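Text of run04.pdb, listed as PDB, C-alpha atoms and all ligand atoms:
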```pdb
ATOM      1  CA  MET W  27      73.180 -50.743   0.894
ATOM      2  CA  LEU W  28      70.897 -53.408  -0.658
ATOM      3  CA  ASP W  29      70.721 -56.804   1.021
ATOM      4  CA  ALA W  30      70.223 -59.958  -1.001
ATOM      5  CA  THR W  31      66.406 -59.868  -0.695
ATOM      6  CA  ASP W  32      66.235 -56.214  -1.739
ATOM      7  CA  LEU W  33      68.506 -56.933  -4.624
ATOM      8  CA  LYS W  34      66.324 -59.818  -5.744
ATOM      9  CA  SER W  35      63.151 -57.753  -5.619
ATOM     10  CA  THR W  36      64.895 -54.882  -7.438
ATOM     11  CA  LEU W  37      65.959 -57.274 -10.135
ATOM     12  CA  ASN W  38      62.471 -58.755 -10.371
ATOM     13  CA  HIS W  39      61.043 -55.273 -10.612
ATOM     14  CA  ARG W  40      63.505 -54.463 -13.380
ATOM     15  CA  ALA W  41      62.644 -57.694 -15.156
ATOM     16  CA  ALA W  42      58.945 -56.861 -14.893
ATOM     17  CA  LYS W  43      59.554 -53.359 -16.220
ATOM     18  CA  SER W  44      61.585 -54.594 -19.122
ATOM     19  CA  ALA W  45      58.912 -57.191 -19.925
ATOM     20  CA  ILE W  46      56.421 -54.354 -20.182
ATOM     21  CA  ALA W  47      58.810 -52.364 -22.335
ATOM     22  CA  ALA W  48      59.456 -55.436 -24.460
ATOM     23  CA  SER W  49      55.769 -55.846 -25.114
ATOM     24  CA  GLY W  50      55.955 -52.586 -27.027
ATOM     25  CA  TYR W  51      52.793 -50.784 -26.151
ATOM     26  CA  ARG W  52      52.613 -50.604 -22.410
ATOM     27  CA  LEU W  53      49.514 -51.143 -20.378
ATOM     28  CA  SER W  54      48.547 -48.263 -18.197
ATOM     29  CA  LEU W  55      50.443 -49.886 -15.296
ATOM     30  CA  GLY W  56      51.897 -47.383 -12.889
ATOM     31  CA  ALA W  57      50.053 -44.516 -14.476
ATOM     32  CA  GLU W  58      46.490 -43.359 -14.338
ATOM     33  CA  PRO W  59      44.131 -45.839 -15.961
ATOM     34  CA  PRO W  60      42.560 -44.488 -19.125
ATOM     35  CA  THR W  61      39.223 -42.860 -18.458
ATOM     36  CA  VAL W  62      36.678 -41.339 -20.753
ATOM     37  CA  PRO W  63      35.675 -37.876 -19.607
ATOM     38  CA  ALA W  64      32.160 -36.623 -20.231
ATOM     39  CA  ARG W  65      33.509 -35.212 -23.488
ATOM     40  CA  ALA W  66      36.558 -36.711 -25.137
ATOM     41  CA  ILE W  67      38.447 -33.689 -26.389
ATOM     42  CA  MET W  68      40.714 -33.105 -29.315
ATOM     43  CA  LEU W  69      42.553 -29.848 -28.820
ATOM     44  CA  ASN W  70      42.175 -27.334 -31.633
ATOM     45  CA  PHE W  71      39.842 -29.603 -33.604
ATOM     46  CA  ARG W  72      38.283 -27.819 -36.575
ATOM     47  CA  PRO W  73      35.878 -29.557 -38.970
ATOM     48  CA  GLU W  74      37.676 -27.938 -41.911
ATOM     49  CA  ASP W  75      40.773 -30.028 -41.163
ATOM     50  CA  CYS W  76      38.917 -33.298 -41.789
ATOM     51  CA  LEU W  77      39.721 -35.448 -44.807
ATOM     52  CA  THR W  78      37.709 -34.180 -47.765
ATOM     53  CA  PRO W  79      36.069 -36.637 -50.204
ATOM     54  CA  GLU W  80      38.593 -35.485 -52.867
ATOM     55  CA  GLU W  81      41.527 -36.147 -50.520
ATOM     56  CA  LYS W  82      40.093 -39.548 -49.612
ATOM     57  CA  SER W  83      39.758 -40.634 -53.204
ATOM     58  CA  ALA W  84      43.218 -39.228 -54.097
ATOM     59  CA  PHE W  85      44.760 -41.158 -51.192
ATOM     60  CA  GLU W  86      42.922 -44.335 -52.117
ATOM     61  CA  SER W  87      43.797 -44.186 -55.818
ATOM     62  CA  GLN W  88      47.333 -42.743 -55.632
ATOM     63  CA  GLY W  89      48.426 -44.130 -52.272
ATOM     64  CA  PHE W  90      49.653 -40.769 -51.036
ATOM     65  CA  LEU W  91      48.556 -37.222 -50.360
ATOM     66  CA  VAL W  92      50.385 -33.946 -49.797
ATOM     67  CA  ILE W  93      48.791 -31.405 -47.477
ATOM     68  CA  LYS W  94      50.456 -28.043 -47.674
ATOM     69  CA  ASP W  95      51.395 -25.718 -44.817
ATOM     70  CA  VAL W  96      50.346 -27.925 -41.935
ATOM     71  CA  LEU W  97      53.053 -26.533 -39.656
ATOM     72  CA  PRO W  98      53.240 -22.870 -38.758
ATOM     73  CA  GLU W  99      56.843 -21.655 -38.797
ATOM     74  CA  ALA W 100      57.014 -21.583 -34.971
ATOM     75  CA  ARG W 101      56.184 -25.314 -34.835
ATOM     76  CA  ALA W 102      58.675 -26.102 -37.579
ATOM     77  CA  VAL W 103      61.377 -24.224 -35.650
ATOM     78  CA  GLU W 104      60.506 -26.070 -32.439
ATOM     79  CA  LEU W 105      60.600 -29.430 -34.183
ATOM     80  CA  GLU W 106      63.840 -28.649 -35.980
ATOM     81  CA  HIS W 107      65.485 -27.671 -32.676
ATOM     82  CA  ALA W 108      64.484 -31.036 -31.237
ATOM     83  CA  VAL W 109      65.829 -32.884 -34.291
ATOM     84  CA  ASP W 110      69.066 -30.878 -34.325
ATOM     85  CA  ALA W 111      69.683 -31.317 -30.591
ATOM     86  CA  LEU W 112      69.404 -35.112 -30.869
ATOM     87  CA  HIS W 113      71.605 -35.103 -33.962
ATOM     88  CA  ARG W 114      74.194 -32.982 -32.131
ATOM     89  CA  ARG W 115      74.303 -35.427 -29.216
ATOM     90  CA  VAL W 116      74.903 -38.322 -31.567
ATOM     91  CA  LEU W 117      77.544 -36.418 -33.535
ATOM     92  CA  ASP W 118      79.313 -35.439 -30.305
ATOM     93  CA  ALA W 119      79.414 -39.091 -29.295
ATOM     94  CA  GLY W 120      80.517 -39.996 -32.835
ATOM     95  CA  TYR W 121      78.405 -43.156 -32.587
ATOM     96  CA  ASP W 122      75.135 -43.894 -34.371
ATOM     97  CA  PRO W 123      72.914 -46.063 -32.121
ATOM     98  CA  TYR W 124      70.896 -47.284 -35.134
ATOM     99  CA  THR W 125      73.676 -48.395 -37.486
ATOM    100  CA  LYS W 126      75.959 -49.125 -34.507
ATOM    101  CA  LYS W 127      78.750 -47.472 -36.450
ATOM    102  CA  ALA W 128      80.752 -44.269 -36.285
ATOM    103  CA  ILE W 129      78.870 -41.252 -37.617
ATOM    104  CA  THR W 130      79.941 -37.841 -38.888
ATOM    105  CA  SER W 131      77.978 -34.803 -40.033
ATOM    106  CA  GLN W 132      78.287 -36.076 -43.638
ATOM    107  CA  ASP W 133      76.245 -39.212 -42.926
ATOM    108  CA  VAL W 134      72.512 -39.794 -43.178
ATOM    109  CA  PHE W 135      71.061 -39.933 -39.665
ATOM    110  CA  PHE W 136      67.951 -41.951 -38.724
ATOM    111  CA  LEU W 137      66.508 -41.981 -35.224
ATOM    112  CA  SER W 138      63.334 -43.814 -34.192
ATOM    113  CA  ASN W 139      61.156 -43.966 -31.064
ATOM    114  CA  VAL W 140      61.288 -40.189 -30.865
ATOM    115  CA  LEU W 141      57.996 -39.378 -29.096
ATOM    116  CA  HIS W 142      59.526 -39.410 -25.622
ATOM    117  CA  ARG W 143      62.693 -37.609 -26.640
ATOM    118  CA  ASP W 144      61.198 -34.116 -26.848
ATOM    119  CA  PRO W 145      57.697 -32.679 -26.249
ATOM    120  CA  ALA W 146      57.854 -31.209 -29.763
ATOM    121  CA  PHE W 147      57.533 -34.754 -31.178
ATOM    122  CA  LEU W 148      54.722 -35.730 -28.820
ATOM    123  CA  HIS W 149      52.727 -32.630 -29.659
ATOM    124  CA  LEU W 150      52.442 -33.539 -33.308
ATOM    125  CA  ILE W 151      51.041 -37.024 -32.702
ATOM    126  CA  ASP W 152      47.493 -35.572 -32.773
ATOM    127  CA  TRP W 153      48.250 -32.379 -34.667
ATOM    128  CA  HIS W 154      44.976 -30.765 -35.668
ATOM    129  CA  ARG W 155      46.026 -30.220 -39.285
ATOM    130  CA  THR W 156      46.970 -33.859 -39.875
ATOM    131  CA  PHE W 157      45.386 -36.185 -37.316
ATOM    132  CA  PRO W 158      41.755 -35.748 -38.495
ATOM    133  CA  LYS W 159      42.906 -36.986 -41.900
ATOM    134  CA  VAL W 160      44.493 -40.035 -40.271
ATOM    135  CA  TRP W 161      41.233 -41.135 -38.643
ATOM    136  CA  GLY W 162      39.438 -40.083 -41.826
ATOM    137  CA  ILE W 163      41.438 -42.823 -43.572
ATOM    138  CA  LEU W 164      41.906 -45.491 -40.888
ATOM    139  CA  GLY W 165      38.954 -44.978 -38.523
ATOM    140  CA  TRP W 166      39.096 -44.850 -34.715
ATOM    141  CA  ASN W 167      40.741 -48.094 -33.526
ATOM    142  CA  ILE W 168      44.184 -46.643 -34.099
ATOM    143  CA  ALA W 169      47.426 -45.817 -32.325
ATOM    144  CA  CYS W 170      50.785 -44.419 -33.251
ATOM    145  CA  TYR W 171      53.050 -47.428 -33.773
ATOM    146  CA  HIS W 172      56.271 -45.827 -34.944
ATOM    147  CA  SER W 173      57.982 -42.448 -35.034
ATOM    148  CA  HIS W 174      61.285 -41.450 -36.544
ATOM    149  CA  PHE W 175      63.203 -38.701 -38.229
ATOM    150  CA  LEU W 176      65.756 -38.569 -40.998
ATOM    151  CA  ILE W 177      68.497 -36.060 -41.623
ATOM    152  CA  ASN W 178      70.037 -36.220 -45.088
ATOM    153  CA  PRO W 179      73.068 -33.966 -45.417
ATOM    154  CA  ALA W 180      74.369 -32.966 -48.855
ATOM    155  CA  LEU W 181      76.221 -35.976 -50.234
ATOM    156  CA  THR W 182      79.578 -36.051 -51.932
ATOM    157  CA  GLY W 183      81.350 -38.434 -54.338
ATOM    158  CA  SER W 184      80.232 -41.945 -55.139
ATOM    159  CA  ALA W 185      77.376 -41.981 -52.622
ATOM    160  CA  LYS W 186      75.388 -39.955 -55.175
ATOM    161  CA  GLN W 187      75.361 -42.907 -57.553
ATOM    162  CA  SER W 188      73.680 -45.540 -55.346
ATOM    163  CA  PRO W 189      70.277 -46.785 -56.656
ATOM    164  CA  LEU W 190      67.126 -45.954 -54.716
ATOM    165  CA  GLY W 191      65.922 -48.473 -52.142
ATOM    166  CA  TRP W 192      62.359 -49.116 -53.290
ATOM    167  CA  HIS W 193      60.205 -50.719 -50.625
ATOM    168  CA  GLN W 194      56.825 -51.056 -49.032
ATOM    169  CA  ASP W 195      56.805 -50.378 -45.298
ATOM    170  CA  SER W 196      56.503 -52.982 -42.535
ATOM    171  CA  GLY W 197      59.149 -55.546 -43.510
ATOM    172  CA  ARG W 198      57.945 -59.114 -43.038
ATOM    173  CA  VAL W 199      54.285 -58.086 -43.314
ATOM    174  CA  ASN W 200      54.890 -58.071 -47.069
ATOM    175  CA  ARG W 201      56.156 -61.671 -47.003
ATOM    176  CA  ASP W 202      54.062 -63.249 -44.286
ATOM    177  CA  LEU W 203      50.606 -62.126 -45.388
ATOM    178  CA  GLU W 204      49.073 -64.115 -48.185
ATOM    179  CA  GLY W 205      46.592 -62.678 -50.675
ATOM    180  CA  GLU W 206      46.681 -60.927 -54.007
ATOM    181  CA  LEU W 207      46.430 -57.460 -52.538
ATOM    182  CA  ARG W 208      47.816 -57.231 -49.048
ATOM    183  CA  PRO W 209      45.875 -55.043 -46.621
ATOM    184  CA  ARG W 210      46.751 -51.423 -45.894
ATOM    185  CA  LEU W 211      47.069 -51.804 -42.092
ATOM    186  CA  SER W 212      48.865 -48.509 -41.514
ATOM    187  CA  LEU W 213      50.014 -45.240 -42.985
ATOM    188  CA  LYS W 214      52.724 -42.695 -42.354
ATOM    189  CA  VAL W 215      52.660 -38.944 -42.074
ATOM    190  CA  GLY W 216      55.918 -37.110 -42.822
ATOM    191  CA  PHE W 217      56.420 -33.542 -41.659
ATOM    192  CA  TYR W 218      59.018 -31.878 -43.876
ATOM    193  CA  LEU W 219      61.279 -29.346 -42.230
ATOM    194  CA  SER W 220      63.286 -28.611 -45.377
ATOM    195  CA  ASP W 221      62.407 -27.170 -48.734
ATOM    196  CA  CYS W 222      62.169 -30.217 -50.979
ATOM    197  CA  SER W 223      60.259 -28.367 -53.699
ATOM    198  CA  ALA W 224      62.888 -29.270 -56.297
ATOM    199  CA  PRO W 225      64.251 -32.734 -57.177
ATOM    200  CA  GLY W 226      67.716 -33.726 -55.925
ATOM    201  CA  ARG W 227      67.018 -32.694 -52.340
ATOM    202  CA  ALA W 228      66.753 -36.204 -50.902
ATOM    203  CA  ASN W 229      63.072 -36.153 -51.881
ATOM    204  CA  THR W 230      60.891 -39.100 -51.025
ATOM    205  CA  TRP W 231      60.190 -40.882 -54.346
ATOM    206  CA  VAL W 232      56.938 -42.720 -54.935
ATOM    207  CA  VAL W 233      55.248 -44.758 -57.636
ATOM    208  CA  PRO W 234      51.675 -43.416 -57.608
ATOM    209  CA  GLY W 235      49.100 -46.216 -57.484
ATOM    210  CA  SER W 236      51.698 -48.890 -56.626
ATOM    211  CA  HIS W 237      49.980 -49.613 -53.288
ATOM    212  CA  LEU W 238      47.387 -51.546 -55.274
ATOM    213  CA  LYS W 239      49.932 -54.178 -56.335
ATOM    214  CA  ASN W 240      52.050 -56.562 -54.314
ATOM    215  CA  ASN W 241      55.154 -56.156 -56.457
ATOM    216  CA  LEU W 242      57.063 -53.477 -58.294
ATOM    217  CA  ASP W 243      59.281 -53.961 -61.340
ATOM    218  CA  VAL W 244      62.551 -52.306 -60.469
ATOM    219  CA  PRO W 245      64.965 -52.237 -63.461
ATOM    220  CA  ALA W 246      68.165 -54.140 -62.714
ATOM    221  CA  ASP W 247      70.292 -51.363 -64.229
ATOM    222  CA  GLY W 248      69.374 -49.050 -61.348
ATOM    223  CA  SER W 249      67.110 -46.829 -63.465
ATOM    224  CA  LEU W 250      63.772 -45.675 -62.122
ATOM    225  CA  PRO W 251      60.669 -47.887 -62.103
ATOM    226  CA  LYS W 252      57.935 -46.844 -64.497
ATOM    227  CA  GLY W 253      55.865 -43.952 -63.170
ATOM    228  CA  ALA W 254      58.261 -43.017 -60.334
ATOM    229  CA  ILE W 255      58.162 -39.389 -59.244
ATOM    230  CA  PRO W 256      59.856 -37.306 -56.567
ATOM    231  CA  VAL W 257      57.462 -35.827 -54.018
ATOM    232  CA  LEU W 258      57.912 -32.060 -54.113
ATOM    233  CA  VAL W 259      57.111 -30.460 -50.772
ATOM    234  CA  LYS W 260      58.079 -27.371 -48.858
ATOM    235  CA  ARG W 261      59.036 -26.854 -45.227
ATOM    236  CA  GLY W 262      55.853 -27.193 -43.191
ATOM    237  CA  ASP W 263      54.097 -29.527 -45.668
ATOM    238  CA  ALA W 264      52.988 -33.067 -44.804
ATOM    239  CA  LEU W 265      53.114 -36.240 -46.896
ATOM    240  CA  PHE W 266      50.620 -39.003 -46.065
ATOM    241  CA  PHE W 267      51.312 -42.409 -47.579
ATOM    242  CA  ASP W 268      49.784 -45.876 -47.504
ATOM    243  CA  ARG W 269      52.383 -48.319 -46.143
ATOM    244  CA  ARG W 270      51.944 -50.432 -49.286
ATOM    245  CA  LEU W 271      53.004 -47.599 -51.595
ATOM    246  CA  PHE W 272      56.358 -48.373 -53.173
ATOM    247  CA  HIS W 273      58.597 -45.536 -52.111
ATOM    248  CA  ALA W 274      62.253 -44.725 -51.598
ATOM    249  CA  GLY W 275      64.531 -42.184 -50.034
ATOM    250  CA  SER W 276      66.904 -40.572 -52.510
ATOM    251  CA  PRO W 277      70.367 -39.003 -52.529
ATOM    252  CA  ASN W 278      70.766 -35.395 -51.589
ATOM    253  CA  VAL W 279      72.713 -33.805 -54.434
ATOM    254  CA  SER W 280      71.726 -30.299 -53.370
ATOM    255  CA  GLU W 281      73.304 -27.872 -50.940
ATOM    256  CA  ILE W 282      70.507 -28.058 -48.378
ATOM    257  CA  THR W 283      70.172 -30.566 -45.535
ATOM    258  CA  ARG W 284      66.897 -32.490 -45.638
ATOM    259  CA  LYS W 285      65.055 -33.103 -42.354
ATOM    260  CA  VAL W 286      61.755 -35.004 -42.061
ATOM    261  CA  VAL W 287      59.864 -36.363 -39.047
ATOM    262  CA  PHE W 288      57.616 -39.390 -39.714
ATOM    263  CA  TYR W 289      54.717 -40.778 -37.663
ATOM    264  CA  GLY W 290      53.305 -44.243 -38.331
ATOM    265  CA  TYR W 291      49.647 -44.865 -37.447
ATOM    266  CA  GLY W 292      48.038 -48.268 -37.525
ATOM    267  CA  TYR W 293      45.332 -50.358 -35.899
ATOM    268  CA  ARG W 294      45.674 -50.871 -32.159
ATOM    269  CA  TRP W 295      46.080 -54.616 -32.622
ATOM    270  CA  LEU W 296      49.217 -54.073 -34.706
ATOM    271  CA  ARG W 297      52.503 -54.387 -32.842
ATOM    272  CA  PRO W 298      54.579 -51.234 -32.539
ATOM    273  CA  LYS W 299      57.540 -51.059 -34.876
ATOM    274  CA  ASP W 300      59.804 -49.289 -32.432
ATOM    275  CA  ASN W 301      60.160 -49.488 -28.661
ATOM    276  CA  MET W 302      57.413 -46.873 -28.132
ATOM    277  CA  THR W 303      58.979 -45.555 -24.937
ATOM    278  CA  VAL W 304      56.110 -43.889 -23.095
ATOM    279  CA  SER W 305      56.757 -42.491 -19.626
ATOM    280  CA  ASP W 306      54.188 -42.197 -16.846
ATOM    281  CA  ASP W 307      54.418 -38.438 -17.261
ATOM    282  CA  MET W 308      53.660 -38.635 -20.945
ATOM    283  CA  LEU W 309      50.473 -40.525 -20.133
ATOM    284  CA  TYR W 310      49.600 -38.355 -17.148
ATOM    285  CA  PHE W 311      49.848 -35.110 -19.104
ATOM    286  CA  SER W 312      48.031 -36.467 -22.148
ATOM    287  CA  ASP W 313      44.343 -36.110 -22.850
ATOM    288  CA  PRO W 314      42.445 -39.401 -23.368
ATOM    289  CA  ILE W 315      42.737 -39.434 -27.157
ATOM    290  CA  ARG W 316      46.464 -38.845 -27.022
ATOM    291  CA  ARG W 317      46.720 -41.647 -24.455
ATOM    292  CA  GLN W 318      44.939 -43.924 -26.897
ATOM    293  CA  LEU W 319      47.472 -42.960 -29.562
ATOM    294  CA  LEU W 320      50.299 -43.740 -27.137
ATOM    295  CA  GLY W 321      48.999 -47.286 -26.782
ATOM    296  CA  ALA W 322      47.233 -47.118 -23.405
ATOM    297  CA  THR W 323      44.765 -49.964 -22.992
ATOM    298  CA  THR W 324      42.872 -51.712 -20.204
ATOM    299  CA  ASP W 325      44.440 -55.025 -21.237
ATOM    300  CA  PHE W 326      45.844 -56.679 -24.331
ATOM    301  CA  ASN W 327      42.517 -58.169 -25.349
ATOM    302  CA  ALA W 328      41.182 -54.622 -25.612
ATOM    303  CA  TYR W 329      43.524 -53.980 -28.546
ATOM    304  CA  PHE W 330      41.269 -56.401 -30.446
ATOM    305  CA  SER W 331      37.959 -55.835 -28.662
ATOM    306  CA  PRO W 332      38.114 -52.364 -27.139
ATOM    307  CA  ASN W 333      36.041 -51.200 -24.203
ATOM    308  CA  GLU W 334      34.686 -47.686 -24.290
ATOM    309  CA  VAL W 335      37.550 -46.406 -22.116
ATOM    310  CA  ASP W 336      40.151 -47.750 -24.547
ATOM    311  CA  VAL W 337      38.986 -45.773 -27.548
ATOM    312  CA  PRO W 338      38.003 -42.226 -26.595
ATOM    313  CA  LEU W 339      38.549 -41.330 -30.242
ATOM    314  CA  ARG W 340      35.395 -43.316 -31.022
ATOM    315  CA  SER W 341      33.408 -41.332 -28.426
ATOM    316  CA  PHE W 342      34.767 -38.119 -29.892
ATOM    317  CA  LEU W 343      33.877 -39.072 -33.464
ATOM    318  CA  ARG W 344      30.412 -40.302 -32.521
ATOM    319  CA  GLU W 345      29.755 -37.094 -30.639
ATOM    320  CA  HIS W 346      30.795 -34.982 -33.612
ATOM    321  CA  PHE W 347      29.698 -37.120 -36.534
ATOM    322  CA  GLY W 348      27.114 -39.529 -35.210
ATOM    323  CA  ASP W 349      27.050 -43.276 -35.764
ATOM    324  CA  GLN W 350      28.797 -43.332 -39.129
ATOM    325  CA  PHE W 351      31.979 -44.403 -37.252
ATOM    326  CA  GLU W 352      31.161 -48.059 -36.694
TER     327      GLU W 352
HETATM  328  O1  LIG W 401      63.708 -40.965 -46.929
HETATM  329  C1  LIG W 401      62.507 -40.984 -47.216
HETATM  330  O2  LIG W 401      61.901 -39.989 -47.588
HETATM  331  C2  LIG W 401      61.754 -42.288 -47.120
HETATM  332  C3  LIG W 401      61.580 -42.724 -45.715
HETATM  333  C4  LIG W 401      60.846 -44.016 -45.601
HETATM  334  O3  LIG W 401      61.020 -44.935 -46.350
HETATM  335  C5  LIG W 401      59.833 -44.154 -44.550
HETATM  336  O4  LIG W 401      59.705 -43.282 -43.681
HETATM  337  O5  LIG W 401      59.105 -45.161 -44.566
HETATM  338 FE    FE W 402      59.569 -46.558 -45.918
END
```

Show this structure as structure tokens.
Ligand SMILES: O=C(O)CCC(=O)C(=O)O
Ligand SMILES: [Fe+2]
Amino acid sequence: MLDATDLKSTLNHRAAKSAIAASGYRLSLGAEPPTVPARAIMLNFRPEDCLTPEEKSAFESQGFLVIKDVLPEARAVELEHAVDALHRRVLDAGYDPYTKKAITSQDVFFLSNVLHRDPAFLHLIDWHRTFPKVWGILGWNIACYHSHFLINPALTGSAKQSPLGWHQDSGRVNRDLEGELRPRLSLKVGFYLSDCSAPGRANTWVVPGSHLKNNLDVPADGSLPKGAIPVLVKRGDALFFDRRLFHAGSPNVSEITRKVVFYGYGYRWLRPKDNMTVSDDMLYFSDPIRRQLLGATTDFNAYFSPNEVDVPLRSFLREHFGDQFE
């Protein structure tokens, strides 16, 4: 039985823990401090997975990039099991924690902060087929600041008619930042678990090149903006997109169910967009670069002015590519 003093210290401890959680990225409190080993490792790294000059210029001019076949079928199966199991739990409860409404198997399902929910999600944070392209675009002072998945079941009736929700990512960033062209700040990588190689399958729609403008003309009659295209991708393909790219989810008028898992990467000084639940075990079992991606840091100042131990990705890149990574 707790006495009053115990209770008080328990409550203080809880308050302290929730303050850490509320800060988004946690410090390495309670877990091993980040350390740089003699060699910062990136498992399965292969130079051929790096961003090519053609991919870089396509991403910079179009605002997005599709890389085919990044997931072997076994990984796609593993990831889909994780997605389905979480969906099942929510359907069994009948309650969607995001919309805070009742949910059935006919509804679109969105779940964020997924990294801690299954090792399958964590393992793709630094996936060798995609992650080298992320640092190829953003550089080394980066972390994962958001993760989520979407399940779009086949729709019925009037839901098919609703206009697409065109947006740039990051909400208020697009209002609060002044300047003619707002900065890129972050990008997303979507791993598609469904065959979206034909339109009508809840494809992500994009307006190529629209990341280089602050606004998009969206016709009031609900028709498509000029230049809009559906991204056609297969199961196992990845879509990279600049957060400024105007994009939209779309209705699923097909028979298939669309499933996609998204990872947001941004600079370490950016706040996380979801609660970024990271357990001590997740940090303990992660190599230094993965720990960096999970937000580990020596202190908050080091998000802005990192010490060597905060950014093992820099050590790794310098070791492999020399001083070009300033
Ligand atoms: O449903 C989609 O494909 C779009 C998702 C989206 O807007 C995003 O992940 O930022
Ligand atoms: Fe978006």

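Each of W:Gly348, W:Pro98, W:Gly321, W:Pro314 was compared to Glu334 of chain W using only C-alpha atoms, and W:Pro314 turns out to be the nearest.
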
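Based on all atoms listed in the file, the protein and nucleic acid residues found within 8 Å of ligand FE 402 (chain W) are, by chain and then by number, His193, Gln194, Asp195, Ser196, Arg269, His273, Ala274 and Gly275 of chain W.
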
Residues within 10 Å of ligand LIG 401 (chain W), counting all atoms listed in the file, as an MDAnalysis selection string:
chainID W and resid 134 136 172:178 190:196 213:216 218 228:232 256:257 265 267:269 271:277 284:290

Running the PyMOL selection byres (((chain W and resi 75-82) around 6) and not hetatm) on this model by hand, what would come out? Give it as a tab-separated table (two decimals) with C-alpha atoms, in the frame of the given file.
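Result file result.tsv:
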```
chain	number	residue	atom	x	y	z
W	72	ARG	CA	38.28	-27.82	-36.58
W	73	PRO	CA	35.88	-29.56	-38.97
W	74	GLU	CA	37.68	-27.94	-41.91
W	83	SER	CA	39.76	-40.63	-53.20
W	84	ALA	CA	43.22	-39.23	-54.10
W	85	PHE	CA	44.76	-41.16	-51.19
W	155	ARG	CA	46.03	-30.22	-39.28
W	158	PRO	CA	41.76	-35.75	-38.49
W	159	LYS	CA	42.91	-36.99	-41.90
W	162	GLY	CA	39.44	-40.08	-41.83
```

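Here atom CA of Ile93 of chain W stands at a distance of 16.0 Å from atom CA of Ile151 of chain W.
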
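Of the residues under consideration (W:Pro332, W:Gly165, W:Pro123, W:Gly226), W:Gly165 shows the shortest atom-to-atom contact distance to Leu211 of chain W when counting all atoms listed in the file.
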
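Atom to atom, atom CA of Leu181 of chain W and atom CA of Ala111 of chain W stand 21.2 Å apart.
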
When distances are computed from only C-alpha atoms, which of W:Asp122, W:Asp144, W:Asp263, W:Asp300 shows the smallest separation from Leu97 of chain W?
W:Asp263

Given the file shown, enumerate the residues that the PyMOL selection byres (((chain W and resi 320) around 9) and not hetatm) captures and present them as a PDB file with C-alpha atoms, in the coordinates of the input.
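As a result, result_29.pdb now contains:
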```pdb
ATOM      1  CA  TYR W  51      52.793 -50.784 -26.151  1.00  0.00           C
ATOM      2  CA  ARG W  52      52.613 -50.604 -22.410  1.00  0.00           C
ATOM      3  CA  ILE W 151      51.041 -37.024 -32.702  1.00  0.00           C
ATOM      4  CA  ALA W 169      47.426 -45.817 -32.325  1.00  0.00           C
ATOM      5  CA  CYS W 170      50.785 -44.419 -33.251  1.00  0.00           C
ATOM      6  CA  TYR W 171      53.050 -47.428 -33.773  1.00  0.00           C
ATOM      7  CA  MET W 302      57.413 -46.873 -28.132  1.00  0.00           C
ATOM      8  CA  VAL W 304      56.110 -43.889 -23.095  1.00  0.00           C
ATOM      9  CA  MET W 308      53.660 -38.635 -20.945  1.00  0.00           C
ATOM     10  CA  LEU W 309      50.473 -40.525 -20.133  1.00  0.00           C
ATOM     11  CA  ILE W 315      42.737 -39.434 -27.157  1.00  0.00           C
ATOM     12  CA  ARG W 316      46.464 -38.845 -27.022  1.00  0.00           C
ATOM     13  CA  ARG W 317      46.720 -41.647 -24.455  1.00  0.00           C
ATOM     14  CA  GLN W 318      44.939 -43.924 -26.897  1.00  0.00           C
ATOM     15  CA  LEU W 319      47.472 -42.960 -29.562  1.00  0.00           C
ATOM     16  CA  GLY W 321      48.999 -47.286 -26.782  1.00  0.00           C
ATOM     17  CA  ALA W 322      47.233 -47.118 -23.405  1.00  0.00           C
TER      18      ALA W 322
END
```

For atom CA of Phe326 of chain W and atom CA of Gly292 of chain W, the interatomic separation in Å (one decimal)
15.8 Å

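Residues matched by the PyMOL selection byres (((chain W and resi 130) around 9) and not hetatm) in this file: Val116, Leu117, Asp118, Gly120, Tyr121, Asp122, Ala128, Ile129, Ser131, Gln132, Asp133 and Val134 of chain W.
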
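Across W:Leu141, W:Ala254, W:Ala102, W:Lys260, the tightest approach to Asn301 of chain W is made by W:Leu141 when counting all atoms listed in the file.
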
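Candidate residues W:Phe342, W:Phe330, W:Phe217, W:Trp161 were compared for distance to Glu106 of chain W, and the nearest is W:Phe217, using all atoms listed in the file.
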
I need the residue nearest Ser331 of chain W from this list: W:Lys252, W:Val244, W:Thr182, W:Asn167. Use only C-alpha atoms for the distance.
W:Asn167

Can you patch up segment 112-117 of chain W, filling it in to N, CA and C atoms, and show the result as an mmCIF file, in the frame of the given file?
```
data_model
loop_
_atom_site.group_PDB
_atom_site.id
_atom_site.type_symbol
_atom_site.label_atom_id
_atom_site.label_comp_id
_atom_site.auth_asym_id
_atom_site.auth_seq_id
_atom_site.Cartn_x
_atom_site.Cartn_y
_atom_site.Cartn_z
ATOM 1 N N LEU W 112 69.130 -33.666 -30.940
ATOM 2 C CA LEU W 112 69.404 -35.112 -30.869
ATOM 3 C C LEU W 112 70.539 -35.485 -31.823
ATOM 4 N N HIS W 113 70.534 -34.859 -32.990
ATOM 5 C CA HIS W 113 71.605 -35.103 -33.962
ATOM 6 C C HIS W 113 72.943 -34.684 -33.360
ATOM 7 N N ARG W 114 72.953 -33.517 -32.732
ATOM 8 C CA ARG W 114 74.194 -32.982 -32.131
ATOM 9 C C ARG W 114 74.751 -33.956 -31.095
ATOM 10 N N ARG W 115 73.840 -34.492 -30.262
ATOM 11 C CA ARG W 115 74.303 -35.427 -29.216
ATOM 12 C C ARG W 115 74.962 -36.642 -29.831
ATOM 13 N N VAL W 116 74.358 -37.134 -30.914
ATOM 14 C CA VAL W 116 74.903 -38.322 -31.567
ATOM 15 C C VAL W 116 76.227 -37.984 -32.251
ATOM 16 N N LEU W 117 76.284 -36.812 -32.884
ATOM 17 C CA LEU W 117 77.544 -36.418 -33.535
ATOM 18 C C LEU W 117 78.647 -36.222 -32.501
#
```
